[in-house]
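Engineer: Pasting query37.txt here (compact mmCIF, C-alpha atoms and all ligand atoms):
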```txt
# COMPACT_ATOMS: atom_id res chain seq x y z
CA MET A 1 9.21 -41.48 1.03
CA ARG A 2 10.47 -40.28 4.42
CA TYR A 3 13.73 -41.26 6.06
CA ILE A 4 16.23 -40.32 8.76
CA GLU A 5 19.93 -39.89 7.91
CA PRO A 6 21.41 -41.14 11.20
CA HIS A 7 25.06 -40.65 10.21
CA GLY A 8 26.19 -37.82 7.95
CA HIS A 9 29.28 -35.63 8.32
CA MET A 10 27.54 -32.55 7.05
CA VAL A 11 30.35 -30.11 7.91
CA SER A 12 32.09 -31.64 4.87
CA ARG A 13 29.08 -31.35 2.56
CA THR A 14 27.62 -28.51 0.55
CA THR A 15 24.35 -26.70 1.18
CA ASP A 16 23.08 -28.27 -2.06
CA ASP A 17 23.37 -31.66 -0.34
CA TYR A 18 20.98 -30.48 2.37
CA LEU A 19 18.51 -29.38 -0.30
CA ASP A 20 18.80 -32.73 -2.14
CA MET A 21 18.28 -34.70 1.08
CA VAL A 22 15.17 -32.73 2.04
CA THR A 23 13.84 -33.13 -1.51
CA ALA A 24 14.31 -36.92 -1.22
CA GLY A 25 12.33 -37.05 2.06
CA CYS A 26 14.96 -36.65 4.78
CA ALA A 27 13.19 -35.80 8.06
CA ALA A 28 16.27 -35.39 10.29
CA VAL A 29 20.04 -35.67 9.97
CA CYS A 30 22.42 -36.77 12.74
CA GLU A 31 26.11 -35.91 12.66
CA PRO A 32 28.64 -37.86 14.74
CA ALA A 33 31.88 -36.10 15.68
CA PHE A 34 34.65 -37.48 13.49
CA TRP A 35 38.06 -36.93 11.95
CA ALA A 36 38.33 -33.74 9.90
CA GLY A 37 40.63 -35.29 7.28
CA PHE A 38 43.61 -34.00 9.28
CA ASP A 39 44.76 -34.23 12.91
CA ARG A 40 43.82 -31.21 15.02
CA SER A 41 46.73 -29.63 16.85
CA SER A 42 45.06 -29.04 20.23
CA SER A 43 41.81 -29.35 22.17
CA ASP A 44 40.92 -25.82 21.02
CA GLY A 45 40.33 -27.26 17.54
CA PHE A 46 37.76 -29.59 19.06
CA ARG A 47 36.04 -26.79 20.97
CA ASP A 48 35.54 -24.96 17.65
CA TYR A 49 34.36 -28.19 16.01
CA PHE A 50 31.80 -28.80 18.80
CA ARG A 51 30.52 -25.24 18.31
CA GLN A 52 30.25 -25.92 14.59
CA LEU A 53 28.23 -29.11 15.31
CA THR A 54 25.94 -27.48 17.87
CA GLU A 55 25.54 -23.94 16.47
CA TYR A 56 26.39 -23.41 12.81
CA GLU A 57 25.42 -26.74 11.24
CA PRO A 58 21.90 -26.87 12.78
CA ALA A 59 21.36 -23.31 11.57
CA ARG A 60 22.47 -24.25 8.02
CA ALA A 61 20.10 -27.27 7.99
CA ALA A 62 17.23 -25.23 9.48
CA LYS A 63 17.17 -23.06 6.36
CA TYR A 64 15.63 -26.10 4.65
CA GLY A 65 13.40 -27.08 7.58
CA LEU A 66 15.71 -30.03 8.37
CA PRO A 67 16.33 -30.85 12.05
CA HIS A 68 20.08 -31.42 12.67
CA TYR A 69 21.40 -33.45 15.62
CA CYS A 70 24.95 -34.37 16.61
CA TRP A 71 27.11 -36.67 18.73
CA LEU A 72 30.27 -35.54 20.55
CA CYS A 73 33.65 -37.21 21.21
CA ILE A 74 37.26 -37.35 20.10
CA ASN A 75 37.25 -39.85 17.23
CA PRO A 76 39.34 -43.05 17.28
CA LYS A 77 41.74 -41.77 14.59
CA GLU A 78 42.92 -39.00 16.94
CA SER A 79 42.76 -41.10 20.11
CA GLU A 80 46.37 -42.29 20.04
CA ASP A 81 47.34 -39.23 22.11
CA VAL A 82 45.71 -40.02 25.47
CA GLY A 83 46.65 -36.59 26.91
CA LEU A 84 44.86 -34.78 24.07
CA ALA A 85 41.90 -37.13 24.46
CA ARG A 86 41.70 -36.31 28.17
CA ASP A 87 41.60 -32.56 27.36
CA VAL A 88 38.87 -33.07 24.75
CA LEU A 89 36.76 -35.25 27.06
CA ALA A 90 36.96 -32.51 29.68
CA LEU A 91 35.33 -30.11 27.18
CA ILE A 92 32.38 -32.34 26.31
CA PRO A 93 30.14 -31.93 29.42
CA GLU A 94 29.69 -28.20 28.77
CA PHE A 95 28.19 -29.07 25.35
CA LEU A 96 26.03 -32.03 26.41
CA GLY A 97 23.07 -29.86 27.41
CA ARG A 98 22.82 -28.20 24.01
CA ALA A 99 19.53 -28.64 22.16
CA ASN A 100 20.77 -30.88 19.32
CA VAL A 101 23.17 -33.22 21.19
CA LEU A 102 22.20 -36.92 21.13
CA GLY A 103 25.07 -38.46 23.11
CA ILE A 104 28.66 -39.69 22.86
CA GLY A 105 29.94 -40.76 19.43
CA GLU A 106 31.31 -41.90 17.12
CA ILE A 107 33.72 -43.55 19.53
CA GLY A 108 35.39 -46.92 18.99
CA LEU A 109 38.60 -48.21 17.49
CA ASN A 110 40.61 -47.53 14.34
CA LYS A 111 43.79 -49.59 14.62
CA ASN A 112 42.73 -51.51 17.75
CA SER A 113 45.68 -50.07 19.72
CA ARG A 114 46.08 -50.02 23.49
CA ASN A 115 45.73 -46.22 23.64
CA GLU A 116 42.57 -46.29 21.53
CA ILE A 117 41.07 -48.87 23.91
CA ARG A 118 41.97 -46.66 26.91
CA VAL A 119 40.26 -43.65 25.28
CA LEU A 120 37.22 -45.80 24.39
CA GLU A 121 36.92 -46.77 28.07
CA MET A 122 37.11 -43.09 29.06
CA HIS A 123 34.25 -42.26 26.67
CA VAL A 124 32.11 -45.15 27.92
CA ASP A 125 32.67 -43.93 31.48
CA LEU A 126 31.65 -40.38 30.46
CA ALA A 127 28.48 -41.68 28.76
CA ALA A 128 27.60 -43.69 31.89
CA ARG A 129 28.20 -40.75 34.25
CA GLU A 130 26.20 -38.37 32.07
CA ASN A 131 23.50 -40.93 31.15
CA GLN A 132 24.11 -40.51 27.39
CA LEU A 133 23.38 -42.71 24.37
CA ILE A 134 26.46 -44.16 22.61
CA LEU A 135 27.30 -44.40 18.89
CA VAL A 136 30.25 -46.64 18.02
CA HIS A 137 32.50 -46.68 14.95
CA THR A 138 34.01 -50.09 14.10
CA PRO A 139 37.28 -50.41 12.15
CA HIS A 140 37.21 -51.28 8.50
CA LEU A 141 38.37 -54.23 6.44
CA GLU A 142 40.38 -57.02 8.00
CA ASP A 143 40.44 -55.55 11.54
CA LYS A 144 36.66 -55.22 11.80
CA LEU A 145 35.88 -58.53 13.49
CA LYS A 146 38.68 -58.23 16.06
CA GLY A 147 37.89 -54.55 16.67
CA THR A 148 34.17 -55.24 17.07
CA ARG A 149 34.89 -57.96 19.65
CA LEU A 150 37.22 -55.65 21.62
CA ILE A 151 34.63 -52.85 21.58
CA LEU A 152 31.78 -55.12 22.67
CA ASP A 153 33.88 -56.36 25.60
CA VAL A 154 34.71 -52.81 26.74
CA ILE A 155 31.00 -51.93 26.69
CA ARG A 156 29.93 -55.10 28.48
CA SER A 157 32.51 -54.59 31.20
CA ASP A 158 30.77 -51.36 32.26
CA SER A 159 27.60 -52.55 34.02
CA ARG A 160 26.09 -49.04 34.00
CA ILE A 161 25.59 -49.19 30.20
CA ARG A 162 22.26 -50.60 28.97
CA PRO A 163 22.87 -52.49 25.69
CA GLU A 164 19.79 -51.10 23.94
CA ARG A 165 21.21 -47.57 24.36
CA VAL A 166 24.28 -48.41 22.23
CA LEU A 167 24.40 -48.48 18.42
CA ILE A 168 27.36 -50.24 16.79
CA ASP A 169 27.93 -48.76 13.36
CA HIS A 170 29.42 -50.06 10.11
CA VAL A 171 28.29 -53.66 10.80
CA GLU A 172 28.72 -56.15 7.98
CA GLU A 173 27.78 -59.77 7.31
CA HIS A 174 30.37 -61.13 9.77
CA THR A 175 29.69 -58.73 12.66
CA ALA A 176 25.91 -58.13 12.63
CA ARG A 177 25.06 -61.27 14.63
CA LEU A 178 27.63 -60.50 17.38
CA VAL A 179 26.24 -56.99 17.82
CA LEU A 180 22.56 -58.00 17.83
CA ASP A 181 23.17 -60.93 20.21
CA ARG A 182 24.60 -58.51 22.78
CA GLY A 183 21.34 -56.53 22.69
CA HIS A 184 22.74 -53.53 20.82
CA TRP A 185 21.51 -51.86 17.66
CA GLY A 186 23.51 -52.13 14.43
CA GLY A 187 24.11 -49.60 11.68
CA MET A 188 24.92 -50.51 8.07
CA THR A 189 26.95 -47.95 6.17
CA LEU A 190 26.22 -47.48 2.48
CA TYR A 191 29.47 -46.28 0.99
CA PRO A 192 30.75 -46.64 -2.56
CA ILE A 193 34.18 -47.87 -1.43
CA SER A 194 35.15 -50.17 1.47
CA LYS A 195 31.68 -50.48 3.07
CA CYS A 196 28.22 -51.91 2.22
CA THR A 197 26.58 -51.53 -1.17
CA PRO A 198 22.77 -51.17 -1.21
CA ALA A 199 22.45 -54.80 -2.40
CA ARG A 200 24.62 -56.12 0.45
CA ALA A 201 22.71 -54.05 3.02
CA VAL A 202 19.39 -55.48 1.84
CA ASP A 203 20.88 -59.00 1.97
CA ILE A 204 21.91 -58.37 5.59
CA LEU A 205 18.36 -57.26 6.43
CA ASP A 206 17.01 -60.40 4.74
CA VAL A 207 19.32 -62.62 6.82
CA PHE A 208 19.27 -60.91 10.24
CA GLY A 209 15.83 -59.25 10.22
CA SER A 210 15.17 -55.55 10.52
CA ASP A 211 14.27 -55.17 14.20
CA ARG A 212 17.39 -53.38 15.46
CA LEU A 213 19.21 -52.38 12.27
CA TRP A 214 19.37 -49.04 10.50
CA MET A 215 21.16 -47.72 7.42
CA ASN A 216 23.22 -44.60 6.93
CA SER A 217 25.30 -42.95 4.23
CA ALA A 218 28.17 -41.78 6.50
CA CYS A 219 28.67 -39.10 3.86
CA ASP A 220 31.81 -37.11 4.61
CA TRP A 221 34.76 -35.44 2.87
CA GLY A 222 35.53 -38.68 0.98
CA GLU A 223 33.88 -40.30 -1.99
CA SER A 224 30.39 -40.83 -0.57
CA VAL A 225 26.71 -40.45 -1.47
CA PRO A 226 24.42 -38.30 0.69
CA LEU A 227 21.35 -39.91 -0.95
CA ALA A 228 22.48 -43.49 -0.29
CA ILE A 229 19.48 -44.28 1.93
CA PRO A 230 16.71 -43.32 -0.54
CA ARG A 231 18.68 -45.11 -3.27
CA THR A 232 18.76 -48.25 -1.13
CA ALA A 233 15.02 -47.88 -0.56
CA ILE A 234 14.63 -48.17 -4.34
CA GLU A 235 16.64 -51.43 -4.21
CA MET A 236 14.34 -52.70 -1.43
CA ARG A 237 11.27 -51.86 -3.49
CA LYS A 238 12.73 -53.70 -6.50
CA ARG A 239 13.19 -56.77 -4.30
CA GLY A 240 9.58 -56.80 -3.17
CA TRP A 241 9.69 -55.00 0.17
CA SER A 242 6.38 -53.29 1.01
CA ALA A 243 6.23 -49.52 1.53
CA GLU A 244 5.48 -50.12 5.24
CA ALA A 245 8.48 -52.43 5.70
CA ILE A 246 10.81 -49.95 3.98
CA ASP A 247 9.45 -47.11 6.12
CA ARG A 248 10.10 -49.14 9.27
CA VAL A 249 13.79 -49.57 8.38
CA ILE A 250 14.64 -46.13 7.05
CA TYR A 251 12.41 -44.06 9.35
CA GLY A 252 10.82 -46.07 12.18
CA ASN A 253 13.99 -47.78 13.42
CA PRO A 254 16.16 -44.68 13.73
CA VAL A 255 13.27 -42.79 15.37
CA LYS A 256 12.89 -45.61 17.89
CA PHE A 257 16.58 -45.73 18.85
CA LEU A 258 17.14 -41.97 18.84
CA SER A 259 13.96 -41.23 20.81
CA GLN A 260 15.74 -42.73 23.82
CA CYS A 261 17.36 -39.27 23.91
CA PRO A 262 14.70 -36.83 25.16
CA ARG A 263 16.07 -34.07 22.92
CA PHE A 264 15.31 -35.99 19.70
CA SER A 265 11.99 -35.33 18.00
CA VAL A 266 10.66 -35.38 14.46
CA ARG A 267 7.55 -33.58 13.34
ZN ZN A 301 31.32 -41.43 10.49
```
As structure tokens, what does this structure read like?

Structural biologist:
Amino acid sequence: MRYIEPHGHMVSRTTDDYLDMVTAGCAAVCEPAFWAGFDRSSSDGFRDYFRQLTEYEPARAAKYGLPHYCWLCINPKESEDVGLARDVLALIPEFLGRANVLGIGEIGLNKNSRNEIRVLEMHVDLAARENQLILVHTPHLEDKLKGTRLILDVIRSDSRIRPERVLIDHVEEHTARLVLDRGHWGGMTLYPISKCTPARAVDILDVFGSDRLWMNSACDWGESVPLAIPRTAIEMRKRGWSAEAIDRVIYGNPVKFLSQCPRFSVR
């Protein structure tokens, strides 16, 4: 089995997790910029974080022959402070040329507030000006549908953004259709609490098709499973999916989307 982990917060994981992922067939891992579990006190904290994502983490993964990529932004949870967000956005261009940077993400909404929407618009503008791919986080639980609609409208209102260069993450049964109909890609997050189980993710693939969907573990500092993708592949096999069809979802699809960034390559 081979697969891509398109969404893992590896700064929060142990080196043993890297070894387990490579053993299970992981061919590349991609790490979106996210909340650290606490609010950072200034933009300097983000500068250090971006160095961690572009220097130290790829070096840690390389010890196991695993290519490590990342996305940069200020995450929605810390976007309430528009002044801080402006300072962090000003830092990002100096990192965009680094060898493992895929684009802007994971941006989006957390509580669907006015300030979060303003900061989302600023990120979309930055991605358009710098010709970057976009990875979007959608809020969880009861705000997901409303938040997804708000996000899709912000993206559509910027005519410079091509829909196929945007992946909307954490889609579920009630948001997948909206995302795919706008021409975007969708990500399903396999998480033991609050997000998709392997069985639900495979149901979503059965209903909506597998053309523009991928799966990720979103493993982070919380209760999460770095091997969620290979475990879901076992569920797919049990339900009669062929080896080729599984490979297309867990390897081919992420390679197709991510290869729109010229820096992405897998051996
Ligand atoms: Zn995440």

Engineer: Please write out the residues within 10 Å of ligand ZN 301 (chain A) as a JSON list (two decimals) with C-alpha atoms, in the frame of the given file, counting all atoms listed in the file.

Structural biologist:
```
[["chain", "number", "residue", "atom", "x", "y", "z"],
["A", 6, "PRO", "CA", 21.41, -41.14, 11.20],
["A", 7, "HIS", "CA", 25.06, -40.65, 10.21],
["A", 8, "GLY", "CA", 26.19, -37.82, 7.95],
["A", 9, "HIS", "CA", 29.28, -35.63, 8.32],
["A", 31, "GLU", "CA", 26.11, -35.91, 12.66],
["A", 32, "PRO", "CA", 28.64, -37.86, 14.74],
["A", 33, "ALA", "CA", 31.88, -36.10, 15.68],
["A", 34, "PHE", "CA", 34.65, -37.48, 13.49],
["A", 35, "TRP", "CA", 38.06, -36.93, 11.95],
["A", 75, "ASN", "CA", 37.25, -39.85, 17.23],
["A", 105, "GLY", "CA", 29.94, -40.76, 19.43],
["A", 106, "GLU", "CA", 31.31, -41.90, 17.12],
["A", 107, "ILE", "CA", 33.72, -43.55, 19.53],
["A", 135, "LEU", "CA", 27.30, -44.40, 18.89],
["A", 136, "VAL", "CA", 30.25, -46.64, 18.02],
["A", 137, "HIS", "CA", 32.50, -46.68, 14.95],
["A", 138, "THR", "CA", 34.01, -50.09, 14.10],
["A", 169, "ASP", "CA", 27.93, -48.76, 13.36],
["A", 170, "HIS", "CA", 29.42, -50.06, 10.11],
["A", 189, "THR", "CA", 26.95, -47.95, 6.17],
["A", 216, "ASN", "CA", 23.22, -44.60, 6.93],
["A", 217, "SER", "CA", 25.30, -42.95, 4.23],
["A", 218, "ALA", "CA", 28.17, -41.78, 6.50],
["A", 219, "CYS", "CA", 28.67, -39.10, 3.86],
["A", 220, "ASP", "CA", 31.81, -37.11, 4.61]]
```

Engineer: Neighbouring residues of Phe46 in chain A were defined as those with any atom within 10 Å, considering all atoms listed in the file; residues of the same chain fewer than 5 positions away were excluded. Please report them as a count of residues only.

Structural biologist: 13

Engineer: Show me, as a ChimeraX atom specification, the residues that have an atom within 12 Å of range 19-28 of chain A when counting all atoms listed in the file, minus same-chain residues fewer than 6 positions from it.

Structural biologist: /A:1-8,10,13,58,60-70,100,216-217,219,225-231,233-234,247,250-252,254-255,258,264-267

Engineer: Using all atoms listed in the file, which residue out of A:Val207, A:Val101, A:Leu150, A:Leu120 lies closest to Cys30 in chain A?

Structural biologist: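 Once distances to Cys30 in chain A are computed over all atoms listed in the file, the minimum belongs to A:Val101.
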
Engineer: For a quick check of understanding, using all atoms listed in the file, which of A:Ile204, A:Leu167, A:Cys196, A:Cys261 has the smallest distance to His140 in chain A?

Structural biologist: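 Smallest separation from His140 in chain A among the options: A:Cys196.
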
Engineer: Quick one, how far is CA of Gln132 in chain A from CA of Gly103 in chain A?

Structural biologist: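 About the pair CA of Gln132 in chain A and CA of Gly103 in chain A: they are 4.8 Å apart.
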
Engineer: Could you check how far CA of Pro76 in chain A sits from CA of Gly108 in chain A, in Å to one decimal?

Structural biologist: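 CA of Pro76 in chain A sits 5.8 Å away from CA of Gly108 in chain A.
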
Engineer: What does the distance between CA of Ala99 in chain A and CA of Thr54 in chain A come to in Å, to one decimal place?

Structural biologist: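 Taking CA of Ala99 in chain A and CA of Thr54 in chain A, their separation equals 7.8 Å.
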
Engineer: A:Arg263, A:Val124, A:Pro93, A:Asn253: which is nearest Asp153 in chain A, counting only C-alpha atoms?

Structural biologist: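 Ranking A:Arg263, A:Val124, A:Pro93, A:Asn253 by distance to Asp153 in chain A, first place goes to A:Val124.
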
Engineer: Could N, CA and C atoms be built for range 145-175 of chain A and written out as a CSV table (one decimal), keeping the file's coordinate frame?

Structural biologist:
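Below is the file selection.csv, written as the result:
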```csv
chain,number,residue,atom,x,y,z
A,145,LEU,N,36.4,-57.5,12.6
A,145,LEU,CA,35.9,-58.5,13.5
A,145,LEU,C,36.6,-58.4,14.8
A,146,LYS,N,37.9,-58.3,14.8
A,146,LYS,CA,38.7,-58.2,16.1
A,146,LYS,C,38.3,-56.9,16.8
A,147,GLY,N,38.2,-55.8,16.1
A,147,GLY,CA,37.9,-54.6,16.7
A,147,GLY,C,36.5,-54.6,17.3
A,148,THR,N,35.5,-55.2,16.6
A,148,THR,CA,34.2,-55.2,17.1
A,148,THR,C,34.1,-56.0,18.4
A,149,ARG,N,34.9,-57.2,18.4
A,149,ARG,CA,34.9,-58.0,19.6
A,149,ARG,C,35.5,-57.2,20.8
A,150,LEU,N,36.6,-56.5,20.6
A,150,LEU,CA,37.2,-55.6,21.6
A,150,LEU,C,36.3,-54.6,22.1
A,151,ILE,N,35.6,-53.9,21.2
A,151,ILE,CA,34.6,-52.8,21.6
A,151,ILE,C,33.5,-53.4,22.4
A,152,LEU,N,32.9,-54.5,22.0
A,152,LEU,CA,31.8,-55.1,22.7
A,152,LEU,C,32.2,-55.5,24.1
A,153,ASP,N,33.4,-56.0,24.3
A,153,ASP,CA,33.9,-56.4,25.6
A,153,ASP,C,34.1,-55.1,26.5
A,154,VAL,N,34.6,-54.0,25.9
A,154,VAL,CA,34.7,-52.8,26.7
A,154,VAL,C,33.3,-52.4,27.2
A,155,ILE,N,32.3,-52.4,26.3
A,155,ILE,CA,31.0,-51.9,26.7
A,155,ILE,C,30.4,-52.9,27.7
A,156,ARG,N,30.5,-54.2,27.5
A,156,ARG,CA,29.9,-55.1,28.5
A,156,ARG,C,30.5,-55.0,29.9
A,157,SER,N,31.8,-54.6,29.9
A,157,SER,CA,32.5,-54.6,31.2
A,157,SER,C,32.1,-53.4,32.1
A,158,ASP,N,31.3,-52.5,31.5
A,158,ASP,CA,30.8,-51.4,32.3
A,158,ASP,C,29.3,-51.6,32.5
A,159,SER,N,29.0,-52.1,33.7
A,159,SER,CA,27.6,-52.6,34.0
A,159,SER,C,26.6,-51.4,34.0
A,160,ARG,N,27.0,-50.2,34.0
A,160,ARG,CA,26.1,-49.0,34.0
A,160,ARG,C,25.5,-48.8,32.6
A,161,ILE,N,26.1,-49.4,31.6
A,161,ILE,CA,25.6,-49.2,30.2
A,161,ILE,C,24.5,-50.2,29.8
A,162,ARG,N,23.3,-49.7,29.4
A,162,ARG,CA,22.3,-50.6,29.0
A,162,ARG,C,22.5,-50.9,27.5
A,163,PRO,N,22.5,-52.2,27.1
A,163,PRO,CA,22.9,-52.5,25.7
A,163,PRO,C,22.0,-51.8,24.6
A,164,GLU,N,20.7,-51.7,24.9
A,164,GLU,CA,19.8,-51.1,23.9
A,164,GLU,C,20.0,-49.6,23.7
A,165,ARG,N,20.9,-49.0,24.5
A,165,ARG,CA,21.2,-47.6,24.4
A,165,ARG,C,22.5,-47.4,23.6
A,166,VAL,N,23.0,-48.5,23.0
A,166,VAL,CA,24.3,-48.4,22.2
A,166,VAL,C,24.0,-48.9,20.8
A,167,LEU,N,24.5,-48.1,19.8
A,167,LEU,CA,24.4,-48.5,18.4
A,167,LEU,C,25.8,-48.7,17.9
A,168,ILE,N,26.1,-49.9,17.4
A,168,ILE,CA,27.4,-50.2,16.8
A,168,ILE,C,27.3,-50.0,15.3
A,169,ASP,N,28.1,-49.1,14.8
A,169,ASP,CA,27.9,-48.8,13.4
A,169,ASP,C,28.9,-49.5,12.5
A,170,HIS,N,28.6,-49.4,11.2
A,170,HIS,CA,29.4,-50.1,10.1
A,170,HIS,C,29.4,-51.6,10.3
A,171,VAL,N,28.3,-52.2,10.7
A,171,VAL,CA,28.3,-53.7,10.8
A,171,VAL,C,28.2,-54.2,9.4
A,172,GLU,N,28.8,-55.4,9.3
A,172,GLU,CA,28.7,-56.2,8.0
A,172,GLU,C,28.3,-57.6,8.3
A,173,GLU,N,28.3,-58.4,7.2
A,173,GLU,CA,27.8,-59.8,7.3
A,173,GLU,C,28.4,-60.5,8.5
A,174,HIS,N,29.7,-60.3,8.7
A,174,HIS,CA,30.4,-61.1,9.8
A,174,HIS,C,30.3,-60.5,11.2
A,175,THR,N,29.7,-59.3,11.3
A,175,THR,CA,29.7,-58.7,12.7
A,175,THR,C,28.3,-58.5,13.1
```
